[in-house]
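Q: Got a structure for you, protein_38.pdb, holding PDB, C-alpha atoms and all ligand atoms.
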ATOM      1  CA  MET K  12      -8.043  56.099 -10.845  1.00  0.00           C
ATOM      2  CA  SER K  13      -8.407  54.211 -14.098  1.00  0.00           C
ATOM      3  CA  THR K  14     -10.060  50.842 -13.804  1.00  0.00           C
ATOM      4  CA  ARG K  15     -10.670  48.128 -16.338  1.00  0.00           C
ATOM      5  CA  ARG K  16     -14.302  49.239 -16.370  1.00  0.00           C
ATOM      6  CA  ASP K  17     -13.165  52.761 -17.293  1.00  0.00           C
ATOM      7  CA  LEU K  18     -11.015  51.366 -20.070  1.00  0.00           C
ATOM      8  CA  LEU K  19     -13.840  49.292 -21.443  1.00  0.00           C
ATOM      9  CA  ALA K  20     -16.185  52.289 -21.294  1.00  0.00           C
ATOM     10  CA  GLY K  21     -13.571  54.271 -23.208  1.00  0.00           C
ATOM     11  CA  PHE K  22     -13.357  51.580 -25.857  1.00  0.00           C
ATOM     12  CA  GLY K  23     -17.125  51.602 -26.151  1.00  0.00           C
ATOM     13  CA  VAL K  24     -17.154  55.258 -27.193  1.00  0.00           C
ATOM     14  CA  ALA K  25     -14.997  54.493 -30.201  1.00  0.00           C
ATOM     15  CA  ALA K  26     -16.561  51.158 -31.028  1.00  0.00           C
ATOM     16  CA  GLY K  27     -18.474  52.372 -34.072  1.00  0.00           C
ATOM     17  CA  SER K  28     -15.445  53.467 -36.062  1.00  0.00           C
ATOM     18  CA  VAL K  29     -12.834  50.833 -35.193  1.00  0.00           C
ATOM     19  CA  ALA K  30     -14.905  47.853 -34.196  1.00  0.00           C
ATOM     20  CA  TRP K  31     -12.635  45.102 -35.464  1.00  0.00           C
ATOM     21  CA  PRO K  32      -9.385  46.077 -33.673  1.00  0.00           C
ATOM     22  CA  ILE K  33     -11.308  46.624 -30.423  1.00  0.00           C
ATOM     23  CA  ALA K  34     -12.899  43.195 -30.644  1.00  0.00           C
ATOM     24  CA  THR K  35      -9.460  41.699 -31.173  1.00  0.00           C
ATOM     25  CA  LEU K  36      -8.033  43.584 -28.212  1.00  0.00           C
ATOM     26  CA  LEU K  37     -10.900  42.542 -25.947  1.00  0.00           C
ATOM     27  CA  ALA K  38     -10.509  38.905 -26.980  1.00  0.00           C
ATOM     28  CA  ALA K  39      -6.815  39.034 -26.085  1.00  0.00           C
ATOM     29  CA  THR K  40      -7.633  40.737 -22.785  1.00  0.00           C
ATOM     30  CA  ALA K  41     -10.138  38.033 -21.919  1.00  0.00           C
ATOM     31  CA  ARG K  42      -7.489  35.346 -22.415  1.00  0.00           C
ATOM     32  CA  PHE K  43      -4.713  37.189 -20.597  1.00  0.00           C
ATOM     33  CA  PRO K  44      -6.280  39.890 -18.411  1.00  0.00           C
ATOM     34  CA  LEU K  45      -4.453  43.187 -18.105  1.00  0.00           C
ATOM     35  CA  VAL K  46      -1.205  42.712 -16.215  1.00  0.00           C
ATOM     36  CA  ALA K  47      -1.200  45.005 -13.216  1.00  0.00           C
ATOM     37  CA  PHE K  48       2.461  44.698 -12.297  1.00  0.00           C
ATOM     38  CA  GLU K  49       5.805  44.600 -14.048  1.00  0.00           C
ATOM     39  CA  PHE K  50       7.756  41.347 -13.977  1.00  0.00           C
ATOM     40  CA  ASP K  51      11.377  42.123 -13.216  1.00  0.00           C
ATOM     41  CA  GLY K  52      12.631  38.886 -11.690  1.00  0.00           C
ATOM     42  CA  PRO K  53      12.452  37.115  -8.343  1.00  0.00           C
ATOM     43  CA  GLY K  54      11.944  38.919  -5.056  1.00  0.00           C
ATOM     44  CA  PRO K  55      14.506  38.815  -2.218  1.00  0.00           C
ATOM     45  CA  ASP K  56      15.063  35.419  -0.633  1.00  0.00           C
ATOM     46  CA  VAL K  57      12.479  34.325   1.928  1.00  0.00           C
ATOM     47  CA  GLU K  58      14.338  33.342   5.095  1.00  0.00           C
ATOM     48  CA  ALA K  59      11.915  30.686   6.289  1.00  0.00           C
ATOM     49  CA  THR K  60      12.882  27.057   5.784  1.00  0.00           C
ATOM     50  CA  LEU K  61      10.132  25.380   3.793  1.00  0.00           C
ATOM     51  CA  SER K  62      10.045  21.717   2.908  1.00  0.00           C
ATOM     52  CA  LEU K  63       9.097  20.902  -0.655  1.00  0.00           C
ATOM     53  CA  SER K  64       7.859  17.396  -1.207  1.00  0.00           C
ATOM     54  CA  GLN K  65       8.361  15.691  -4.536  1.00  0.00           C
ATOM     55  CA  ALA K  66       5.204  15.786  -6.606  1.00  0.00           C
ATOM     56  CA  ASN K  67       3.788  12.313  -6.981  1.00  0.00           C
ATOM     57  CA  GLY K  68       1.974  12.709 -10.275  1.00  0.00           C
ATOM     58  CA  ALA K  69       0.361  15.898 -11.479  1.00  0.00           C
ATOM     59  CA  LEU K  70      -0.773  18.375  -8.842  1.00  0.00           C
ATOM     60  CA  ALA K  71      -4.320  19.707  -8.994  1.00  0.00           C
ATOM     61  CA  PRO K  72      -4.328  23.429  -9.779  1.00  0.00           C
ATOM     62  CA  THR K  73      -5.493  25.693  -6.963  1.00  0.00           C
ATOM     63  CA  ILE K  74      -9.133  26.523  -7.587  1.00  0.00           C
ATOM     64  CA  GLY K  75     -10.180  30.071  -8.379  1.00  0.00           C
ATOM     65  CA  GLN K  76     -12.702  32.026  -6.326  1.00  0.00           C
ATOM     66  CA  THR K  77     -14.543  35.296  -6.744  1.00  0.00           C
ATOM     67  CA  GLN K  78     -12.560  38.518  -6.509  1.00  0.00           C
ATOM     68  CA  GLY K  79     -15.322  40.126  -4.450  1.00  0.00           C
ATOM     69  CA  PRO K  80     -16.035  43.872  -4.305  1.00  0.00           C
ATOM     70  CA  PHE K  81     -12.993  45.072  -2.345  1.00  0.00           C
ATOM     71  CA  TYR K  82     -10.032  44.727  -4.720  1.00  0.00           C
ATOM     72  CA  THR K  83      -7.904  47.808  -5.338  1.00  0.00           C
ATOM     73  CA  PRO K  84      -5.426  47.659  -8.249  1.00  0.00           C
ATOM     74  CA  ARG K  85      -1.805  48.767  -7.986  1.00  0.00           C
ATOM     75  CA  SER K  86      -1.167  47.873  -4.360  1.00  0.00           C
ATOM     76  CA  PRO K  87       2.266  48.751  -2.919  1.00  0.00           C
ATOM     77  CA  ARG K  88       5.106  46.245  -3.273  1.00  0.00           C
ATOM     78  CA  ARG K  89       5.723  44.854   0.215  1.00  0.00           C
ATOM     79  CA  ARG K  90       5.626  41.544   2.066  1.00  0.00           C
ATOM     80  CA  ASP K  91       4.505  43.102   5.359  1.00  0.00           C
ATOM     81  CA  ILE K  92       1.032  44.505   4.664  1.00  0.00           C
ATOM     82  CA  ARG K  93       0.404  45.753   8.206  1.00  0.00           C
ATOM     83  CA  ASP K  94      -0.173  49.485   8.632  1.00  0.00           C
ATOM     84  CA  ALA K  95      -0.793  51.223  11.918  1.00  0.00           C
ATOM     85  CA  PHE K  96      -0.120  47.881  13.551  1.00  0.00           C
ATOM     86  CA  PRO K  97      -2.879  47.515  16.162  1.00  0.00           C
ATOM     87  CA  GLY K  98      -0.934  45.340  18.578  1.00  0.00           C
ATOM     88  CA  ASP K  99      -2.434  42.155  17.260  1.00  0.00           C
ATOM     89  CA  SER K 100       0.027  39.279  17.033  1.00  0.00           C
ATOM     90  CA  ALA K 101       1.488  38.750  13.603  1.00  0.00           C
ATOM     91  CA  LEU K 102       0.369  36.070  11.191  1.00  0.00           C
ATOM     92  CA  ILE K 103       2.995  34.907   8.705  1.00  0.00           C
ATOM     93  CA  VAL K 104       1.867  32.931   5.681  1.00  0.00           C
ATOM     94  CA  THR K 105       4.594  31.234   3.677  1.00  0.00           C
ATOM     95  CA  GLY K 106       4.592  28.784   0.808  1.00  0.00           C
ATOM     96  CA  TYR K 107       5.498  28.082  -2.769  1.00  0.00           C
ATOM     97  CA  VAL K 108       4.013  28.917  -6.111  1.00  0.00           C
ATOM     98  CA  LEU K 109       4.273  25.696  -8.135  1.00  0.00           C
ATOM     99  CA  ASP K 110       3.379  24.389 -11.544  1.00  0.00           C
ATOM    100  CA  THR K 111       1.316  21.226 -11.885  1.00  0.00           C
ATOM    101  CA  ARG K 112       4.522  19.150 -11.903  1.00  0.00           C
ATOM    102  CA  GLY K 113       5.504  20.554  -8.514  1.00  0.00           C
ATOM    103  CA  ARG K 114       8.251  22.793  -9.860  1.00  0.00           C
ATOM    104  CA  PRO K 115       8.716  26.102  -7.979  1.00  0.00           C
ATOM    105  CA  LEU K 116       7.984  29.227 -10.000  1.00  0.00           C
ATOM    106  CA  ALA K 117      10.327  32.163  -9.355  1.00  0.00           C
ATOM    107  CA  GLY K 118       9.423  35.778 -10.069  1.00  0.00           C
ATOM    108  CA  HIS K 119       5.656  35.269  -9.939  1.00  0.00           C
ATOM    109  CA  VAL K 120       3.551  38.035  -8.457  1.00  0.00           C
ATOM    110  CA  LEU K 121       1.141  37.575  -5.538  1.00  0.00           C
ATOM    111  CA  ASP K 122      -1.208  40.471  -4.740  1.00  0.00           C
ATOM    112  CA  PHE K 123      -2.844  40.079  -1.307  1.00  0.00           C
ATOM    113  CA  TRP K 124      -5.696  41.977   0.320  1.00  0.00           C
ATOM    114  CA  GLN K 125      -7.720  41.365   3.478  1.00  0.00           C
ATOM    115  CA  THR K 126      -9.647  43.009   6.302  1.00  0.00           C
ATOM    116  CA  ASP K 127      -8.083  44.876   9.202  1.00  0.00           C
ATOM    117  CA  ASP K 128      -8.586  43.787  12.821  1.00  0.00           C
ATOM    118  CA  ALA K 129     -12.062  45.380  12.812  1.00  0.00           C
ATOM    119  CA  ALA K 130     -13.281  43.401   9.772  1.00  0.00           C
ATOM    120  CA  ARG K 131     -13.003  46.387   7.425  1.00  0.00           C
ATOM    121  CA  TYR K 132     -11.379  46.696   4.002  1.00  0.00           C
ATOM    122  CA  ASP K 133      -9.507  49.902   3.287  1.00  0.00           C
ATOM    123  CA  GLY K 134     -11.337  51.340   0.284  1.00  0.00           C
ATOM    124  CA  ALA K 135      -9.435  54.638   0.231  1.00  0.00           C
ATOM    125  CA  GLY K 136      -5.830  53.534   0.669  1.00  0.00           C
ATOM    126  CA  TYR K 137      -3.778  50.367   0.839  1.00  0.00           C
ATOM    127  CA  ARG K 138      -3.943  49.167   4.439  1.00  0.00           C
ATOM    128  CA  TYR K 139      -3.649  45.378   4.464  1.00  0.00           C
ATOM    129  CA  ARG K 140      -2.918  45.318   0.764  1.00  0.00           C
ATOM    130  CA  GLY K 141       0.365  44.548  -0.953  1.00  0.00           C
ATOM    131  CA  HIS K 142       2.014  42.655  -3.773  1.00  0.00           C
ATOM    132  CA  GLN K 143       5.290  40.733  -3.832  1.00  0.00           C
ATOM    133  CA  TYR K 144       7.277  38.397  -6.069  1.00  0.00           C
ATOM    134  CA  THR K 145       8.281  34.820  -5.321  1.00  0.00           C
ATOM    135  CA  ASP K 146      11.988  34.437  -4.630  1.00  0.00           C
ATOM    136  CA  ARG K 147      14.389  32.483  -6.822  1.00  0.00           C
ATOM    137  CA  ARG K 148      13.160  29.278  -5.171  1.00  0.00           C
ATOM    138  CA  GLY K 149       9.501  30.076  -5.816  1.00  0.00           C
ATOM    139  CA  ARG K 150       8.686  31.037  -2.227  1.00  0.00           C
ATOM    140  CA  PHE K 151       6.585  33.895  -0.871  1.00  0.00           C
ATOM    141  CA  GLU K 152       6.121  35.290   2.628  1.00  0.00           C
ATOM    142  CA  LEU K 153       3.118  37.372   3.693  1.00  0.00           C
ATOM    143  CA  ILE K 154       3.374  39.169   7.038  1.00  0.00           C
ATOM    144  CA  THR K 155      -0.031  40.264   8.248  1.00  0.00           C
ATOM    145  CA  ILE K 156      -2.623  39.772  11.001  1.00  0.00           C
ATOM    146  CA  ALA K 157      -5.497  37.309  11.101  1.00  0.00           C
ATOM    147  CA  PRO K 158      -8.313  38.482   8.785  1.00  0.00           C
ATOM    148  CA  ARG K 159     -11.784  38.843  10.320  1.00  0.00           C
ATOM    149  CA  PRO K 160     -15.213  37.511   9.294  1.00  0.00           C
ATOM    150  CA  TYR K 161     -17.596  40.153   7.919  1.00  0.00           C
ATOM    151  CA  THR K 162     -20.929  40.779   6.298  1.00  0.00           C
ATOM    152  CA  ALA K 163     -21.097  42.770   3.070  1.00  0.00           C
ATOM    153  CA  GLY K 164     -23.991  43.225   0.674  1.00  0.00           C
ATOM    154  CA  GLY K 165     -26.099  40.938   2.858  1.00  0.00           C
ATOM    155  CA  GLN K 166     -23.584  38.099   2.547  1.00  0.00           C
ATOM    156  CA  TRP K 167     -21.757  36.775   5.596  1.00  0.00           C
ATOM    157  CA  ARG K 168     -18.175  35.651   5.041  1.00  0.00           C
ATOM    158  CA  THR K 169     -15.820  33.590   7.159  1.00  0.00           C
ATOM    159  CA  ALA K 170     -12.315  35.039   7.568  1.00  0.00           C
ATOM    160  CA  HIS K 171     -10.166  34.880   4.438  1.00  0.00           C
ATOM    161  CA  VAL K 172      -7.227  36.440   2.622  1.00  0.00           C
ATOM    162  CA  HIS K 173      -7.784  37.377  -1.018  1.00  0.00           C
ATOM    163  CA  VAL K 174      -4.982  36.875  -3.500  1.00  0.00           C
ATOM    164  CA  LYS K 175      -4.177  37.154  -7.186  1.00  0.00           C
ATOM    165  CA  VAL K 176      -1.254  35.075  -8.454  1.00  0.00           C
ATOM    166  CA  GLN K 177       0.288  35.500 -11.883  1.00  0.00           C
ATOM    167  CA  GLY K 178       3.355  34.660 -13.927  1.00  0.00           C
ATOM    168  CA  PRO K 179       4.685  36.715 -16.845  1.00  0.00           C
ATOM    169  CA  GLY K 180       2.279  36.514 -19.769  1.00  0.00           C
ATOM    170  CA  ALA K 181       0.082  33.989 -17.974  1.00  0.00           C
ATOM    171  CA  PRO K 182      -3.547  34.104 -16.798  1.00  0.00           C
ATOM    172  CA  ILE K 183      -4.297  35.413 -13.305  1.00  0.00           C
ATOM    173  CA  LEU K 184      -5.376  32.997 -10.566  1.00  0.00           C
ATOM    174  CA  THR K 185      -7.787  34.894  -8.316  1.00  0.00           C
ATOM    175  CA  THR K 186      -8.687  33.039  -5.142  1.00  0.00           C
ATOM    176  CA  GLN K 187      -9.057  33.205  -1.346  1.00  0.00           C
ATOM    177  CA  ILE K 188      -7.278  31.302   1.441  1.00  0.00           C
ATOM    178  CA  TYR K 189      -8.761  30.465   4.826  1.00  0.00           C
ATOM    179  CA  LEU K 190      -7.833  30.047   8.493  1.00  0.00           C
ATOM    180  CA  PRO K 191      -7.820  26.331   9.395  1.00  0.00           C
ATOM    181  CA  GLU K 192      -8.977  26.760  12.985  1.00  0.00           C
ATOM    182  CA  LEU K 193     -12.291  28.356  11.984  1.00  0.00           C
ATOM    183  CA  SER K 194     -13.756  25.051  10.827  1.00  0.00           C
ATOM    184  CA  GLU K 195     -17.251  25.778  12.164  1.00  0.00           C
ATOM    185  CA  LEU K 196     -17.390  29.244  10.597  1.00  0.00           C
ATOM    186  CA  ASN K 197     -15.801  28.015   7.367  1.00  0.00           C
ATOM    187  CA  ALA K 198     -18.379  25.229   7.088  1.00  0.00           C
ATOM    188  CA  VAL K 199     -21.291  27.676   6.951  1.00  0.00           C
ATOM    189  CA  ASP K 200     -19.748  29.988   4.347  1.00  0.00           C
ATOM    190  CA  SER K 201     -20.975  28.840   0.937  1.00  0.00           C
ATOM    191  CA  VAL K 202     -17.871  30.287  -0.750  1.00  0.00           C
ATOM    192  CA  PHE K 203     -15.401  28.324   1.414  1.00  0.00           C
ATOM    193  CA  ASP K 204     -13.621  25.346  -0.115  1.00  0.00           C
ATOM    194  CA  PRO K 205     -11.552  22.996   2.073  1.00  0.00           C
ATOM    195  CA  SER K 206      -8.769  22.845  -0.509  1.00  0.00           C
ATOM    196  CA  LEU K 207      -8.117  26.527   0.227  1.00  0.00           C
ATOM    197  CA  ALA K 208      -7.579  26.155   3.982  1.00  0.00           C
ATOM    198  CA  MET K 209      -4.053  27.035   5.087  1.00  0.00           C
ATOM    199  CA  ALA K 210      -2.055  24.560   7.196  1.00  0.00           C
ATOM    200  CA  GLU K 211      -0.611  25.223  10.651  1.00  0.00           C
ATOM    201  CA  SER K 212       3.125  25.668  10.457  1.00  0.00           C
ATOM    202  CA  GLY K 213       4.049  26.376  14.077  1.00  0.00           C
ATOM    203  CA  SER K 214       5.125  29.677  15.576  1.00  0.00           C
ATOM    204  CA  GLN K 215       8.345  31.624  15.654  1.00  0.00           C
ATOM    205  CA  ASP K 216       9.303  34.741  17.619  1.00  0.00           C
ATOM    206  CA  GLY K 217       5.713  35.130  18.811  1.00  0.00           C
ATOM    207  CA  ALA K 218       4.280  35.066  15.314  1.00  0.00           C
ATOM    208  CA  ARG K 219       1.882  32.387  14.196  1.00  0.00           C
ATOM    209  CA  ARG K 220       2.872  30.676  10.959  1.00  0.00           C
ATOM    210  CA  LEU K 221       0.620  29.166   8.318  1.00  0.00           C
ATOM    211  CA  ARG K 222       1.517  27.435   5.058  1.00  0.00           C
ATOM    212  CA  TYR K 223      -0.154  27.439   1.685  1.00  0.00           C
ATOM    213  CA  ASP K 224       1.250  26.351  -1.684  1.00  0.00           C
ATOM    214  CA  PHE K 225      -0.413  27.685  -4.820  1.00  0.00           C
ATOM    215  CA  VAL K 226      -0.469  25.445  -7.888  1.00  0.00           C
ATOM    216  CA  LEU K 227      -0.951  27.258 -11.178  1.00  0.00           C
ATOM    217  CA  ALA K 228      -2.708  25.584 -14.087  1.00  0.00           C
ATOM    218  CA  ASP K 229      -0.636  25.077 -17.216  1.00  0.00           C
ATOM    219  CA  ALA K 230      -0.970  28.162 -19.412  1.00  0.00           C
TER     220      ALA K 230
HETATM  221 FE    FE K 301     -13.348  39.364   1.274  1.00  0.00          FE
END
Kindly present the structure from the file in structure tokens form.
Ligand code: FE
A:
Amino acid sequence: MSTRRDLLAGFGVAAGSVAWPIATLLAATARFPLVAFEFDGPGPDVEATLSLSQANGALAPTIGQTQGPFYTPRSPRRRDIRDAFPGDSALIVTGYVLDTRGRPLAGHVLDFWQTDDAARYDGAGYRYRGHQYTDRRGRFELITIAPRPYTAGGQWRTAHVHVKVQGPGAPILTTQIYLPELSELNAVDSVFDPSLAMAESGSQDGARRLRYDFVLADA
């Protein structure tokens, strides 16, 4: 599997002979990191009814957080990222992708990844990984299970869902969103930020619903 690291290593081999074009390419890549997915328009309509309040002044962009060590590029396109469903009750996260003026952004990609019910990331395949596109009204819907807290590399982490959000030709927002009920665990995770906690949004057909709206910085 080719990774950005592989690509950069490959560039390094040739750096002596064509240094200037490579430097130019790397500068462009730093501004707009390699796009992992094609942009071919909005995804299918999300059925959930989501209120959208009028923005009262500029919205603060969603803050970025570390990607962490468990990202796998080229996840499958799907809104339901459950595999071998373990009988856990479903968690459905819905929301908008917005610009800083509160306008919904259609056809933007969201690439989610998280732990399974045993606090493990799938490093070999794509369990609990998937990307999707916002619908024509700028909405997304992630169907999953609750992520689990874990310890990796000596660092303890409260439960979270990782995500990358991107529009065509725009920078990638890489961040993490958090379960609101884990306030005590969240408070002792140095990575946690309260602005990234999802909001309770009721339940429907036995599935718990949470809400989070992403706000992308102006490109
Ligand atoms: Fe993580």
Q: Can you translate the PyMOL selection byres (((chain K and resi 194-202) around 10) and not hetatm) into the concrete residues it hits in this file, as a ChimeraX atom specification?
A: /K:76-77,160,166-171,187,189-193,203-205,208
Q: Can you list what the PyMOL selection byres (((chain K and resi 117) around 7) and not hetatm) grabs from this structure, as an MDAnalysis selection string?
A: chainID K and resid 53 115:116 118:119 145:149
Q: Please enumerate the residues selected by the PyMOL selection byres (((chain K and resi 178) around 10) and not hetatm) when evaluated against the supplied file, formatted as a VMD selection string.
A: chain K and resid 46 50 108 116 to 121 144 to 145 176 to 177 179 to 184 227 230
Q: Just want the residues within 10 Å of ligand FE 301 (chain K), written as number ranges by chain, counting all atoms listed in the file.
A: K: 77-82, 124-126, 130-132, 158-163, 167-174, 187
Q: So the first atom is CA of Ile188 in chain K and the second is CA of Asp51 in chain K; what is the distance between them in Å, to one decimal place?
A: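 Going from CA of Ile188 in chain K over to CA of Asp51 in chain K, I get 26.1 Å.
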Q: Using Å and a single decimal, report how far CA of Ser214 in chain K sits from CA of Asp91 in chain K.
A: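 Result for CA of Asp91 in chain K versus CA of Ser214 in chain K: 16.9 Å, one decimal.
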Q: Can you fill out range 212-222 of chain K with all heavy atoms and hand it back as a CSV table (one decimal), in the frame of the given file?
A:
chain,number,residue,atom,x,y,z
K,212,SER,N,1.7,25.9,10.7
K,212,SER,CA,3.1,25.7,10.5
K,212,SER,C,4.0,26.1,11.7
K,212,SER,O,5.1,26.5,11.5
K,212,SER,CB,3.5,26.4,9.2
K,212,SER,OG,4.8,26.1,8.8
K,213,GLY,N,3.3,26.0,12.9
K,213,GLY,CA,4.0,26.4,14.1
K,213,GLY,C,4.1,27.9,14.4
K,213,GLY,O,3.3,28.6,13.8
K,214,SER,N,5.0,28.3,15.3
K,214,SER,CA,5.1,29.7,15.6
K,214,SER,C,6.6,30.0,15.7
K,214,SER,O,7.4,29.1,16.0
K,214,SER,CB,4.4,30.0,16.9
K,214,SER,OG,4.9,29.3,17.9
K,215,GLN,N,6.9,31.2,15.6
K,215,GLN,CA,8.3,31.6,15.7
K,215,GLN,C,8.4,33.1,16.1
K,215,GLN,O,7.7,33.9,15.5
K,215,GLN,CB,9.0,31.5,14.3
K,215,GLN,CG,10.5,31.7,14.3
K,215,GLN,CD,11.1,31.5,12.9
K,215,GLN,OE1,10.6,30.6,12.1
K,215,GLN,NE2,12.1,32.2,12.5
K,216,ASP,N,9.2,33.4,17.1
K,216,ASP,CA,9.3,34.7,17.6
K,216,ASP,C,7.9,35.4,17.9
K,216,ASP,O,7.7,36.5,17.6
K,216,ASP,CB,10.1,35.6,16.6
K,216,ASP,CG,11.5,35.0,16.4
K,216,ASP,OD1,12.0,34.4,17.3
K,216,ASP,OD2,12.0,35.2,15.2
K,217,GLY,N,7.0,34.6,18.4
K,217,GLY,CA,5.7,35.1,18.8
K,217,GLY,C,4.7,35.3,17.7
K,217,GLY,O,3.6,35.7,17.9
K,218,ALA,N,5.2,35.0,16.5
K,218,ALA,CA,4.3,35.1,15.3
K,218,ALA,C,3.7,33.7,14.9
K,218,ALA,O,4.5,32.7,14.9
K,218,ALA,CB,5.0,35.7,14.1
K,219,ARG,N,2.5,33.6,14.7
K,219,ARG,CA,1.9,32.4,14.2
K,219,ARG,C,2.2,32.2,12.7
K,219,ARG,O,2.2,33.2,11.9
K,219,ARG,CB,0.4,32.5,14.4
K,219,ARG,CG,-0.4,31.2,13.9
K,219,ARG,CD,-1.8,31.5,14.0
K,219,ARG,NE,-2.6,30.3,13.5
K,219,ARG,CZ,-3.8,30.3,13.1
K,219,ARG,NH1,-4.5,31.5,13.2
K,219,ARG,NH2,-4.4,29.3,12.7
K,220,ARG,N,2.5,31.0,12.3
K,220,ARG,CA,2.9,30.7,11.0
K,220,ARG,C,1.9,29.7,10.3
K,220,ARG,O,1.5,28.7,10.9
K,220,ARG,CB,4.3,30.1,10.9
K,220,ARG,CG,5.3,31.1,11.1
K,220,ARG,CD,6.7,30.5,10.9
K,220,ARG,NE,7.7,31.6,11.0
K,220,ARG,CZ,8.1,32.3,9.9
K,220,ARG,NH1,7.6,32.0,8.7
K,220,ARG,NH2,9.0,33.3,10.0
K,221,LEU,N,1.5,30.0,9.1
K,221,LEU,CA,0.6,29.2,8.3
K,221,LEU,C,1.3,28.9,7.0
K,221,LEU,O,2.1,29.7,6.5
K,221,LEU,CB,-0.8,29.8,8.1
K,221,LEU,CG,-1.6,30.0,9.4
K,221,LEU,CD1,-2.9,30.8,9.0
K,221,LEU,CD2,-2.0,28.6,9.9
K,222,ARG,N,0.9,27.8,6.3
K,222,ARG,CA,1.5,27.4,5.1
K,222,ARG,C,0.4,27.2,4.0
K,222,ARG,O,-0.6,26.6,4.3
K,222,ARG,CB,2.3,26.1,5.3
K,222,ARG,CG,2.8,25.4,4.0
K,222,ARG,CD,4.1,26.0,3.5
K,222,ARG,NE,4.5,25.3,2.3
K,222,ARG,CZ,5.4,24.3,2.3
K,222,ARG,NH1,6.0,24.0,3.4
K,222,ARG,NH2,5.8,23.8,1.2
